[in-house]
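Structure file start-v8.cif (mmCIF, C-alpha atoms and all ligand atoms) follows.
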```
data_entry
#
loop_
_atom_site.label_atom_id
_atom_site.label_comp_id
_atom_site.auth_asym_id
_atom_site.auth_seq_id
_atom_site.Cartn_x
_atom_site.Cartn_y
_atom_site.Cartn_z
CA MET A 3 -97.19 36.37 16.99
CA SER A 4 -98.20 33.75 14.45
CA LYS A 5 -101.20 32.49 12.57
CA VAL A 6 -101.95 28.80 12.97
CA LEU A 7 -104.16 26.51 10.90
CA ILE A 8 -105.61 23.59 12.89
CA ILE A 9 -107.02 20.74 10.76
CA GLY A 10 -109.46 18.34 12.47
CA ALA A 11 -112.35 19.30 14.73
CA GLY A 12 -112.63 16.10 16.77
CA GLY A 13 -111.96 15.46 20.45
CA VAL A 14 -108.27 16.45 20.26
CA GLY A 15 -108.87 19.34 17.82
CA GLN A 16 -111.23 20.88 20.37
CA VAL A 17 -108.54 20.89 23.08
CA VAL A 18 -105.87 22.20 20.69
CA THR A 19 -108.12 25.10 19.67
CA HIS A 20 -108.94 26.00 23.30
CA LYS A 21 -105.31 25.78 24.40
CA CYS A 22 -103.95 27.82 21.45
CA ALA A 23 -106.64 30.43 22.13
CA GLN A 24 -105.36 30.71 25.73
CA VAL A 25 -101.95 31.92 24.45
CA PRO A 26 -102.69 34.91 22.17
CA GLU A 27 -99.12 36.19 22.48
CA VAL A 28 -97.99 33.16 20.42
CA PHE A 29 -101.13 32.21 18.46
CA SER A 30 -102.30 35.58 17.17
CA GLU A 31 -104.89 34.19 14.74
CA ILE A 32 -106.45 30.74 14.62
CA CYS A 33 -108.27 28.99 11.80
CA LEU A 34 -109.96 25.64 12.56
CA ALA A 35 -110.78 23.62 9.44
CA SER A 36 -112.29 20.16 9.18
CA ARG A 37 -114.40 17.91 6.98
CA THR A 38 -117.59 18.85 8.84
CA VAL A 39 -117.61 22.62 9.31
CA SER A 40 -120.44 22.54 11.88
CA LYS A 41 -118.04 20.78 14.29
CA CYS A 42 -115.57 23.68 13.85
CA GLU A 43 -118.33 26.20 14.48
CA LYS A 44 -119.42 24.38 17.65
CA ILE A 45 -115.87 24.55 19.03
CA ALA A 46 -115.41 28.19 17.98
CA ALA A 47 -118.62 29.08 19.84
CA GLN A 48 -117.09 27.78 23.11
CA ILE A 49 -114.18 30.24 22.86
CA LYS A 50 -114.27 33.97 23.58
CA ARG A 51 -111.63 34.88 20.95
CA PRO A 52 -112.69 34.88 17.29
CA ILE A 53 -111.76 31.60 15.57
CA ARG A 54 -112.05 31.41 11.78
CA THR A 55 -113.74 28.18 10.65
CA GLU A 56 -113.49 26.47 7.27
CA GLN A 57 -114.59 23.29 5.55
CA VAL A 58 -111.71 21.30 4.09
CA ASP A 59 -111.12 17.77 2.84
CA ALA A 60 -107.59 17.11 4.02
CA ASP A 61 -107.22 14.25 1.54
CA ASN A 62 -107.57 16.79 -1.26
CA VAL A 63 -104.18 18.50 -1.63
CA PRO A 64 -105.31 21.32 -3.99
CA GLU A 65 -108.12 22.19 -1.54
CA LEU A 66 -105.64 22.29 1.32
CA VAL A 67 -103.20 24.39 -0.70
CA ALA A 68 -105.94 26.91 -1.53
CA LEU A 69 -106.86 27.24 2.17
CA ILE A 70 -103.22 27.62 3.23
CA LYS A 71 -102.61 30.26 0.54
CA ASP A 72 -105.70 32.15 1.63
CA PHE A 73 -105.10 32.08 5.42
CA LYS A 74 -101.26 32.23 5.23
CA PRO A 75 -100.47 30.41 8.51
CA ALA A 76 -96.95 30.06 9.89
CA LEU A 77 -97.80 26.47 10.89
CA VAL A 78 -100.31 23.78 9.94
CA MET A 79 -101.32 21.53 12.87
CA ASN A 80 -102.64 18.18 11.65
CA ILE A 81 -105.14 17.06 14.28
CA ALA A 82 -107.22 15.01 11.81
CA LEU A 83 -106.50 11.28 11.43
CA PRO A 84 -103.24 9.47 10.60
CA TYR A 85 -104.55 8.77 7.07
CA GLN A 86 -104.26 12.48 6.25
CA ASP A 87 -100.60 12.92 7.32
CA LEU A 88 -98.97 12.61 3.89
CA HIS A 89 -101.56 14.74 2.09
CA ILE A 90 -101.13 17.55 4.62
CA MET A 91 -97.34 17.22 4.41
CA ASP A 92 -97.61 17.50 0.60
CA ALA A 93 -99.67 20.69 0.95
CA CYS A 94 -97.09 22.12 3.37
CA LEU A 95 -94.30 21.34 0.90
CA GLU A 96 -96.19 23.05 -1.91
CA THR A 97 -96.86 26.18 0.14
CA GLY A 98 -93.59 26.25 2.15
CA VAL A 99 -95.31 26.12 5.56
CA ASP A 100 -94.22 24.18 8.70
CA TYR A 101 -96.11 21.03 9.76
CA LEU A 102 -96.96 19.31 13.07
CA ASP A 103 -98.96 16.17 13.91
CA THR A 104 -99.77 13.81 16.80
CA ALA A 105 -99.78 10.39 15.16
CA ASN A 106 -97.75 8.67 12.45
CA TYR A 107 -99.14 7.98 8.98
CA GLU A 108 -101.12 4.79 8.55
CA PRO A 109 -102.32 3.42 5.23
CA LEU A 110 -106.10 2.88 5.31
CA ASP A 111 -105.92 -0.76 4.25
CA GLU A 112 -103.20 -1.91 6.69
CA ALA A 113 -102.82 -1.25 10.44
CA LYS A 114 -99.10 -0.59 10.10
CA PHE A 115 -97.51 1.87 12.50
CA CYS A 116 -94.17 3.13 11.33
CA TYR A 117 -92.39 6.37 10.56
CA LYS A 118 -90.93 5.16 7.24
CA TRP A 119 -93.35 7.11 5.06
CA GLN A 120 -92.94 10.40 6.93
CA TRP A 121 -89.18 10.09 7.41
CA GLU A 122 -88.97 9.80 3.59
CA TYR A 123 -89.99 13.50 3.46
CA GLN A 124 -86.73 14.48 5.22
CA GLU A 125 -84.83 15.68 2.14
CA ARG A 126 -87.83 17.44 0.57
CA PHE A 127 -88.61 19.37 3.78
CA LYS A 128 -84.93 20.26 4.16
CA GLU A 129 -84.65 21.49 0.57
CA ARG A 130 -87.82 23.55 0.99
CA GLY A 131 -86.38 25.05 4.22
CA ILE A 132 -89.37 23.98 6.32
CA MET A 133 -89.83 21.90 9.47
CA ALA A 134 -92.10 18.99 10.38
CA LEU A 135 -92.55 17.96 14.03
CA LEU A 136 -93.94 14.44 14.28
CA GLY A 137 -95.93 12.93 17.14
CA SER A 138 -96.53 15.96 19.37
CA GLY A 139 -99.22 14.36 21.56
CA PHE A 140 -98.73 12.53 24.87
CA ASP A 141 -97.72 9.09 23.66
CA PRO A 142 -96.07 9.69 21.23
CA GLY A 143 -95.01 13.15 22.30
CA VAL A 144 -94.53 13.81 26.00
CA THR A 145 -93.20 10.26 26.47
CA ASN A 146 -90.43 11.07 23.95
CA VAL A 147 -89.67 14.33 25.77
CA PHE A 148 -89.70 12.55 29.18
CA THR A 149 -87.12 10.08 27.83
CA ALA A 150 -84.94 12.88 26.41
CA TRP A 151 -85.24 14.72 29.76
CA ALA A 152 -84.20 11.60 31.68
CA LYS A 153 -81.22 11.19 29.34
CA LYS A 154 -80.23 14.85 29.77
CA THR A 155 -80.70 15.20 33.54
CA GLN A 156 -80.64 11.74 35.14
CA PHE A 157 -78.53 9.20 33.30
CA ASP A 158 -75.18 8.71 31.62
CA GLU A 159 -76.72 5.77 29.79
CA ILE A 160 -80.27 4.48 29.46
CA TYR A 161 -80.64 0.78 28.80
CA GLU A 162 -84.26 -0.01 29.64
CA LEU A 163 -87.38 2.01 28.84
CA ASP A 164 -90.95 1.05 29.73
CA ILE A 165 -93.64 3.51 28.65
CA ILE A 166 -96.74 2.85 30.74
CA ASP A 167 -100.14 4.35 29.93
CA CYS A 168 -102.98 4.01 32.41
CA ASN A 169 -106.49 5.34 31.97
CA ALA A 170 -108.09 4.82 35.37
CA GLY A 171 -111.19 6.75 34.28
CA GLU A 172 -114.77 5.46 34.03
CA HIS A 173 -117.35 6.74 31.53
CA GLY A 174 -120.20 4.40 32.48
CA GLN A 175 -120.78 3.24 28.87
CA PRO A 176 -120.83 -0.53 28.15
CA PHE A 177 -118.13 -0.09 25.48
CA ALA A 178 -116.51 3.08 24.16
CA THR A 179 -113.04 4.19 23.13
CA ASN A 180 -111.60 7.42 24.44
CA PHE A 181 -110.19 8.57 21.13
CA ASN A 182 -111.22 7.87 17.54
CA PRO A 183 -112.65 4.29 17.74
CA GLU A 184 -111.27 3.20 14.38
CA ILE A 185 -107.71 4.33 15.16
CA ASN A 186 -107.92 3.01 18.73
CA ILE A 187 -109.15 -0.48 17.77
CA ARG A 188 -106.63 -0.80 14.91
CA GLU A 189 -103.87 0.00 17.40
CA VAL A 190 -105.05 -2.34 20.17
CA THR A 191 -105.71 -5.33 17.90
CA ALA A 192 -102.37 -5.04 16.06
CA ALA A 193 -99.58 -7.45 17.06
CA ALA A 194 -97.52 -6.31 20.05
CA LYS A 195 -93.88 -5.52 19.34
CA HIS A 196 -90.95 -4.51 21.50
CA TYR A 197 -87.28 -3.76 20.95
CA GLU A 198 -84.61 -5.96 22.50
CA ASN A 199 -80.88 -5.93 21.77
CA GLY A 200 -81.22 -4.48 18.30
CA GLU A 201 -84.20 -6.59 17.22
CA TRP A 202 -87.95 -6.12 17.05
CA ILE A 203 -89.82 -8.98 18.70
CA GLU A 204 -93.44 -9.50 17.73
CA THR A 205 -96.03 -11.23 19.94
CA LYS A 206 -99.78 -11.81 19.62
CA ALA A 207 -101.91 -8.76 20.49
CA LEU A 208 -102.63 -8.45 24.23
CA SER A 209 -100.92 -11.77 25.00
CA LYS A 210 -98.35 -10.36 27.45
CA SER A 211 -99.43 -8.71 30.67
CA ARG A 212 -98.22 -7.94 34.19
CA THR A 213 -99.21 -5.65 37.03
CA PHE A 214 -97.90 -2.18 37.81
CA ASP A 215 -98.40 -0.19 40.98
CA PHE A 216 -99.47 3.31 39.86
CA PRO A 217 -98.78 6.29 42.15
CA GLU A 218 -101.01 8.76 43.97
CA GLY A 219 -103.75 6.33 44.95
CA ILE A 220 -104.42 4.88 41.47
CA GLY A 221 -103.05 1.56 42.74
CA THR A 222 -102.16 -1.74 41.16
CA ARG A 223 -103.52 -2.39 37.67
CA LYS A 224 -102.95 -4.97 34.97
CA ILE A 225 -100.93 -3.63 32.04
CA TYR A 226 -100.74 -5.18 28.56
CA GLN A 227 -97.83 -4.96 26.17
CA MET A 228 -98.56 -3.27 22.84
CA TYR A 229 -96.67 -1.66 20.01
CA HIS A 230 -96.53 2.12 19.95
CA GLU A 231 -94.81 4.26 17.36
CA GLU A 232 -92.56 6.24 19.72
CA LEU A 233 -90.54 3.07 20.37
CA GLU A 234 -89.29 3.25 16.76
CA SER A 235 -88.05 6.83 16.91
CA LEU A 236 -86.68 6.57 20.46
CA VAL A 237 -84.42 3.58 19.75
CA LYS A 238 -83.25 5.31 16.56
CA HIS A 239 -82.34 8.58 18.28
CA ILE A 240 -81.17 7.10 21.61
CA PRO A 241 -79.46 3.97 20.25
CA GLU A 242 -77.96 2.95 23.63
CA ILE A 243 -81.44 1.70 24.67
CA LYS A 244 -81.36 -2.12 24.75
CA LEU A 245 -84.93 -2.85 25.81
CA ALA A 246 -87.93 -0.64 24.93
CA ARG A 247 -91.53 -1.63 25.59
CA PHE A 248 -94.95 0.02 25.68
CA TRP A 249 -97.73 -1.00 28.09
CA MET A 250 -101.36 0.06 28.49
CA THR A 251 -104.13 -0.71 30.99
CA PHE A 252 -107.47 -2.06 29.79
CA SER A 253 -110.50 -2.94 31.87
CA ASP A 254 -111.76 -6.54 31.75
CA ASN A 255 -115.01 -5.14 30.36
CA TYR A 256 -113.23 -3.40 27.43
CA LEU A 257 -111.27 -6.57 26.63
CA LYS A 258 -114.38 -8.77 26.81
CA HIS A 259 -116.23 -6.57 24.29
CA LEU A 260 -113.18 -6.31 22.05
CA GLU A 261 -112.75 -10.09 21.97
CA VAL A 262 -116.36 -10.62 20.91
CA LEU A 263 -116.15 -7.88 18.27
CA GLU A 264 -112.95 -9.42 16.88
CA ASN A 265 -114.38 -12.95 16.91
CA ILE A 266 -117.39 -11.93 14.87
CA GLY A 267 -115.34 -9.90 12.38
CA MET A 268 -116.47 -6.41 13.37
CA THR A 269 -112.88 -5.12 13.74
CA ARG A 270 -111.89 -6.13 10.18
CA ILE A 271 -110.42 -3.31 8.08
CA ASP A 272 -110.84 -4.96 4.68
CA PRO A 273 -114.00 -4.03 2.73
CA ILE A 274 -116.87 -6.53 2.51
CA LYS A 275 -119.95 -6.49 0.26
CA PHE A 276 -123.18 -5.68 2.14
CA GLN A 277 -126.50 -5.23 0.34
CA GLY A 278 -124.72 -4.38 -2.88
CA GLN A 279 -122.44 -1.85 -1.22
CA GLU A 280 -118.85 -2.11 0.01
CA ILE A 281 -118.38 -1.43 3.72
CA VAL A 282 -115.43 -1.73 6.09
CA PRO A 283 -116.71 -3.47 9.26
CA LEU A 284 -114.54 -1.35 11.61
CA GLN A 285 -115.79 1.88 10.01
CA PHE A 286 -119.37 0.64 10.44
CA LEU A 287 -118.62 -0.18 14.10
CA LYS A 288 -117.21 3.35 14.57
CA ALA A 289 -120.54 4.77 13.40
CA LEU A 290 -122.32 2.77 16.12
CA LEU A 291 -120.00 3.49 19.05
CA PRO A 292 -120.22 6.61 21.22
CA ASP A 293 -118.37 9.63 19.81
CA PRO A 294 -115.34 10.05 22.13
CA ALA A 295 -116.19 13.76 22.40
CA SER A 296 -119.53 12.77 24.00
CA LEU A 297 -117.67 11.03 26.85
CA GLY A 298 -116.35 14.36 28.19
CA PRO A 299 -119.13 15.12 30.67
CA LEU A 300 -119.46 11.44 31.65
CA THR A 301 -115.86 10.55 32.47
CA GLN A 302 -114.56 10.55 36.04
CA GLY A 303 -111.17 9.48 37.40
CA ARG A 304 -107.60 10.05 36.27
CA THR A 305 -104.99 9.05 33.71
CA CYS A 306 -101.36 8.33 34.58
CA ILE A 307 -98.88 8.13 31.71
CA GLY A 308 -95.15 7.96 32.19
CA CYS A 309 -91.78 6.36 31.60
CA PHE A 310 -90.04 3.87 33.85
CA ILE A 311 -86.35 3.93 33.02
CA LYS A 312 -83.30 1.94 34.06
CA GLY A 313 -79.74 2.93 33.31
CA ILE A 314 -76.38 4.06 34.66
CA LYS A 315 -75.39 7.26 36.46
CA ASN A 316 -71.82 7.72 37.73
CA GLY A 317 -71.10 4.03 37.29
CA LYS A 318 -74.11 2.91 39.35
CA GLU A 319 -77.39 1.36 38.27
CA LYS A 320 -80.34 3.70 38.65
CA ARG A 321 -84.17 3.31 38.35
CA TYR A 322 -86.28 6.36 37.62
CA TYR A 323 -89.98 7.01 37.04
CA ILE A 324 -91.47 10.16 35.50
CA TYR A 325 -95.21 10.61 34.99
CA ASN A 326 -98.17 12.95 34.66
CA ILE A 327 -101.54 12.46 36.33
CA CYS A 328 -104.51 14.11 34.67
CA ASP A 329 -108.07 14.34 36.01
CA HIS A 330 -110.89 13.80 33.49
CA ALA A 331 -113.43 16.03 35.25
CA LYS A 332 -110.95 18.92 35.67
CA CYS A 333 -110.16 18.77 31.93
CA TYR A 334 -113.86 18.91 31.16
CA GLU A 335 -114.26 21.95 33.41
CA GLU A 336 -111.48 23.74 31.52
CA VAL A 337 -112.01 22.79 27.86
CA GLN A 338 -115.14 20.59 27.75
CA SER A 339 -113.15 17.44 26.88
CA GLN A 340 -111.97 14.37 28.77
CA ALA A 341 -108.35 13.71 29.74
CA ILE A 342 -107.37 11.57 26.73
CA SER A 343 -108.10 14.42 24.33
CA TYR A 344 -106.60 16.90 26.83
CA THR A 345 -103.33 15.00 27.30
CA THR A 346 -102.95 14.91 23.50
CA GLY A 347 -104.10 18.46 22.74
CA VAL A 348 -101.94 20.27 25.30
CA PRO A 349 -98.61 18.83 23.99
CA ALA A 350 -99.72 19.59 20.42
CA MET A 351 -100.14 23.24 21.44
CA ILE A 352 -96.79 23.24 23.29
CA GLY A 353 -95.02 21.63 20.30
CA ALA A 354 -96.47 24.38 18.11
CA MET A 355 -95.32 26.97 20.61
CA MET A 356 -91.78 25.51 20.58
CA MET A 357 -91.70 25.85 16.77
CA LEU A 358 -93.29 29.29 16.53
CA THR A 359 -91.12 30.85 19.25
CA GLY A 360 -87.94 29.40 17.73
CA LYS A 361 -87.10 27.23 20.79
CA TRP A 362 -87.20 24.17 18.54
CA ARG A 363 -86.06 24.90 15.00
CA GLY A 364 -84.66 22.89 12.14
CA GLU A 365 -85.14 22.12 8.49
CA GLY A 366 -86.44 18.63 7.76
CA VAL A 367 -88.56 16.09 9.61
CA PHE A 368 -88.07 15.69 13.36
CA ASN A 369 -89.27 13.59 16.30
CA MET A 370 -89.70 15.18 19.70
CA GLU A 371 -86.63 13.63 21.40
CA GLN A 372 -84.31 15.34 18.90
CA PHE A 373 -84.77 18.73 20.59
CA ASP A 374 -83.77 20.12 23.99
CA PRO A 375 -86.51 18.82 26.34
CA GLU A 376 -86.12 21.64 28.88
CA PRO A 377 -88.35 24.39 27.40
CA PHE A 378 -91.09 21.84 26.64
CA MET A 379 -90.94 20.42 30.19
CA GLU A 380 -91.31 23.96 31.59
CA LYS A 381 -94.41 24.60 29.48
CA LEU A 382 -96.04 21.29 30.52
CA MET A 383 -95.98 22.56 34.12
CA ILE A 384 -97.65 25.85 33.14
CA HIS A 385 -100.26 24.62 30.64
CA GLY A 386 -102.02 21.86 32.55
CA LEU A 387 -99.84 18.72 32.47
CA PRO A 388 -97.54 18.90 35.53
CA TRP A 389 -95.08 16.04 35.84
CA VAL A 390 -93.50 14.24 38.78
CA GLU A 391 -90.15 12.43 38.83
CA LYS A 392 -88.95 9.82 41.34
CA GLN A 393 -85.87 7.74 41.97
CA ILE A 394 -87.14 4.21 42.60
P1 LIG B 401 -111.68 12.33 16.06
O1 LIG B 401 -112.18 11.23 15.19
O2 LIG B 401 -112.47 12.75 17.25
O3 LIG B 401 -111.39 13.64 15.18
C1 LIG B 401 -110.79 13.60 13.92
C2 LIG B 401 -111.27 14.82 13.17
O4 LIG B 401 -110.61 14.85 11.92
C3 LIG B 401 -112.77 14.80 12.88
O5 LIG B 401 -113.31 16.06 13.15
C4 LIG B 401 -112.83 14.47 11.41
O6 LIG B 401 -113.89 15.03 10.68
C5 LIG B 401 -111.55 15.11 10.91
N1 LIG B 401 -111.19 14.50 9.64
C6 LIG B 401 -111.09 13.19 9.34
N2 LIG B 401 -110.78 13.04 8.05
C7 LIG B 401 -110.69 14.29 7.52
C8 LIG B 401 -110.41 14.79 6.23
N3 LIG B 401 -110.15 13.98 5.21
N4 LIG B 401 -110.41 16.12 6.07
C9 LIG B 401 -110.67 16.97 7.08
N5 LIG B 401 -110.94 16.55 8.33
C10 LIG B 401 -110.95 15.23 8.54
O7 LIG B 401 -110.21 11.89 16.51
P2 LIG B 401 -109.39 12.42 17.79
O8 LIG B 401 -109.60 13.87 17.94
O9 LIG B 401 -109.67 11.49 18.91
O10 LIG B 401 -107.88 12.14 17.30
C11 LIG B 401 -107.21 13.07 16.47
C12 LIG B 401 -105.79 12.59 16.22
O11 LIG B 401 -105.08 12.51 17.46
C13 LIG B 401 -105.69 11.20 15.59
O12 LIG B 401 -104.69 11.22 14.60
C14 LIG B 401 -105.24 10.31 16.73
O13 LIG B 401 -104.51 9.19 16.30
C15 LIG B 401 -104.36 11.29 17.49
N6 LIG B 401 -104.12 10.91 18.89
C16 LIG B 401 -102.84 10.98 19.36
C17 LIG B 401 -102.55 10.65 20.67
C18 LIG B 401 -101.18 10.84 21.22
O14 LIG B 401 -101.01 10.79 22.44
N7 LIG B 401 -100.16 11.09 20.41
C19 LIG B 401 -103.60 10.16 21.58
C20 LIG B 401 -104.94 10.23 21.02
C21 LIG B 401 -105.17 10.57 19.71
P3 LIG B 401 -115.41 14.54 10.85
O15 LIG B 401 -115.84 15.22 12.09
O16 LIG B 401 -116.11 15.03 9.64
O17 LIG B 401 -115.37 13.04 10.98
#
```
Translate the structure of the given file into structure tokens.
Amino acid sequence: MSKVLIIGAGGVGQVVTHKCAQVPEVFSEICLASRTVSKCEKIAAQIKRPIRTEQVDADNVPELVALIKDFKPALVMNIALPYQDLHIMDACLETGVDYLDTANYEPLDEAKFCYKWQWEYQERFKERGIMALLGSGFDPGVTNVFTAWAKKTQFDEIYELDIIDCNAGEHGQPFATNFNPEINIREVTAAAKHYENGEWIETKALSKSRTFDFPEGIGTRKIYQMYHEELESLVKHIPEIKLARFWMTFSDNYLKHLEVLENIGMTRIDPIKFQGQEIVPLQFLKALLPDPASLGPLTQGRTCIGCFIKGIKNGKEKRYYIYNICDHAKCYEEVQSQAISYTTGVPAMIGAMMMLTGKWRGEGVFNMEQFDPEPFMEKLMIHGLPWVEKQI
């Protein structure tokens, strides 16, 4: 029985709050805090259990510390944006409370995805006797656990890992992103990068593509190579991997809009002067685009995210595919959110459950693949993200 403080009342925060509320035996009291308190109140009103709501600026460490000291949670779940990661980690250090997030820290002025800044907290978290679990979403998150599971149950050695993320859903909007538009566009327009024989190889954004035949009627789709943060931690913790890549599907319509927006400078993240005021074009674009939370009732179709792995078992080469399929409309029926928020929010809740029930414990800063994947895999089956594995 533990109190949990959830920070961030966006699309993912809504799912996390619903899913934690469904497990009162672990999450005995929940506080949802965000910059805009009315968003917390709206989510709390959807849930039968009482949810405490608070206004907090997660970039303001003393404000965070005061809230943590007042509510006294066993765990702070950072479901705000990557920019807040270090401030929330600082507040956890000051108060001696465990930390969890779903995305690695990014500096505001540079779309740089790497764990360096958060891994630097290792010694301080260890000395303080507290734990941080990084990247407990789907990708990163479940994809790390899938890889650890494959390593534990299927392979003696893994040498090739392809993480493949398909959103086969349709929301009917001319252009919208299915999670925070600013974070999404920064990620998609960043240079692609993969790991090969000990080196990181960078290529132009969206310049490498191929097709992949997705299971269960989703069919053949074009996938584009990108960089994703779990590649960095996975090749560190499973160093036998020789080739690690990340792929994502995009519709032609999404890519056409993105190309135009990039060409005219609307995806820039450096400030420009406009009518005597400084604005960041991408932040202005975010204000114009549909709020991802509003896509919930509109989105139909399914997502399919998984890992395609090659390696050796008993001296023989083996190919293995593990994936989850998630239906947008079914997610909306359950928690009033689409599948992208759902597939992120459920693993955040399960990661929290692993920490609070002592199944995953440690002092310091951890990525998901560093723990036994088995209890997490069991909970995915129970809490809405069943997985399928196949020998190919
Ligand atoms: P949203 O933009 O919908 O929600 C973010 C929320 O955080 C908003 O409610 C926002 O407040 C709040 N927030 C932002 N800044 C602050 C601040 N300084 N203090 C307090 N609250 C703040 O984003 P999503 O819900 O789509 O994404 C949440 C996180 O999940 C992101 O970090 C994203 O990268 C991550 N993610 C991870 C995935 C994975 O698989 N690992 C996949 C998808 C997302 P306000 O409402 O006032 O703007």
Quick one: of A:Glu162, A:Glu391, A:Glu198, A:Asp59, who's nearest to ligand LIG 401 (chain B), counting only C-alpha atoms and all ligand atoms?
A:Asp59
Contact residues around segment 336-349 of chain A with all atoms listed in the file at 8 Å, ignoring same-chain residues under 3 positions, as an NGL selection string
:A and (13-18 or 20-21 or 104 or 138-141 or 143-144 or 180-181 or 295 or 297-299 or 301 or 304-305 or 328-333 or 352-353 or 382 or 385-387)
Which residue of A:Val63, A:Met351, A:Ile324, A:Met79 approaches Cys22 of chain A most closely, using only C-alpha atoms
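Using only C-alpha atoms, Cys22 of chain A sits closest to A:Met351.
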Which residue out of A:Tyr226, A:Ser30, A:Ala68, A:Ser296 has the minimum interatomic distance to Thr213 of chain A when only C-alpha atoms are used?
A:Tyr226
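Counting all atoms listed in the file and comparing A:Met356, A:Val390, A:Val6, A:Val39, the residue that lies closest to ligand LIG 401 (chain B) is A:Val39.
Each of A:Arg270, A:Lys244, A:Lys315, A:Lys288 was compared to ligand LIG 401 (chain B) using all atoms listed in the file, and A:Lys288 turns out to be the nearest.
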Residue nearest Ile8 of chain A - candidates A:Cys116, A:Met268, A:Cys33, A:Ala23, atoms counted: only C-alpha atoms
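Of the candidates, the smallest distance to Ile8 of chain A is held by A:Cys33.
The space separating atom CA of Pro52 of chain A from atom CA of Val99 of chain A comes to 22.7 Å.
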Nearby residues (all atoms listed in the file) at most 6 Å from Leu135 of chain A, same-chain spacing under 5 positions excluded, as a ChimeraX atom specification:
/A:102,368-369
What is the distance, in Å and to one decimal place, between atom CA of Ala178 of chain A and atom CA of Ala246 of chain A?
28.8 Å
Listed atoms of segment 260-265 of chain A boxed along x, y and z, 8 Å each side, centre and edge lengths in Å, one decimal, as AutoDock Vina command-line options:
```
--center_x -114.6 --center_y -9.6 --center_z 19.5 --size_x 19.6 --size_y 22.6 --size_z 21.2
```
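A straight line drawn from atom CA of Lys318 of chain A to atom CA of Val237 of chain A is 22.2 Å long.
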Extract, using only C-alpha atoms, all DNA, RNA and protein residues at most 10 Å from Leu77 of chain A, discarding same-chain residues fewer than 5 positions from it, and format them as a list in words.
Ser4, Lys5, Val6, Leu7, Ile8, Ile70, Cys94, Gly98, Val99, Asp100, Tyr101, Leu102, Ile132, Met133, Ala134, Ala354, Met357 and Leu358 of chain A
Do a neighbour search on Glu189 of chain A at 12 Å with all atoms listed in the file, toss out local chain neighbours closer than 3 positions, and write the hits as a VMD selection string.
chain A and resid 84 105 to 106 108 112 to 116 179 181 to 186 192 to 195 207 to 208 227 to 231 250 269 271
Would you pull segment 189-200 of chain A out of the block just shown and save N, CA and C atoms as a CSV table (one decimal), in the first residue's frame?
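The resulting file, selection.csv, is reproduced below:
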```csv
chain,number,residue,atom,x,y,z
A,189,GLU,N,11.6,14.6,-32.2
A,189,GLU,CA,12.1,13.2,-32.3
A,189,GLU,C,12.2,12.8,-33.8
A,190,VAL,N,11.1,13.0,-34.6
A,190,VAL,CA,11.0,12.5,-35.9
A,190,VAL,C,12.0,13.3,-36.9
A,191,THR,N,12.2,14.6,-36.6
A,191,THR,CA,13.1,15.4,-37.5
A,191,THR,C,14.6,15.3,-37.1
A,192,ALA,N,14.9,14.6,-36.0
A,192,ALA,CA,16.3,14.5,-35.6
A,192,ALA,C,16.9,13.4,-36.5
A,193,ALA,N,18.3,13.5,-36.7
A,193,ALA,CA,19.0,12.6,-37.5
A,193,ALA,C,18.7,11.1,-37.0
A,194,ALA,N,18.6,10.2,-38.0
A,194,ALA,CA,18.5,8.8,-37.6
A,194,ALA,C,19.9,8.3,-37.1
A,195,LYS,N,19.9,7.3,-36.2
A,195,LYS,CA,21.1,6.8,-35.7
A,195,LYS,C,20.9,5.3,-35.4
A,196,HIS,N,21.9,4.5,-35.8
A,196,HIS,CA,21.8,3.1,-35.3
A,196,HIS,C,23.1,2.6,-34.9
A,197,TYR,N,23.1,1.4,-34.2
A,197,TYR,CA,24.4,0.9,-33.6
A,197,TYR,C,24.8,-0.3,-34.4
A,198,GLU,N,26.1,-0.3,-34.8
A,198,GLU,CA,26.6,-1.4,-35.6
A,198,GLU,C,28.1,-1.6,-35.3
A,199,ASN,N,28.3,-2.8,-34.8
A,199,ASN,CA,29.7,-3.2,-34.4
A,199,ASN,C,30.4,-2.2,-33.6
A,200,GLY,N,29.8,-1.8,-32.5
A,200,GLY,CA,30.4,-0.9,-31.6
A,200,GLY,C,30.4,0.6,-31.9
```
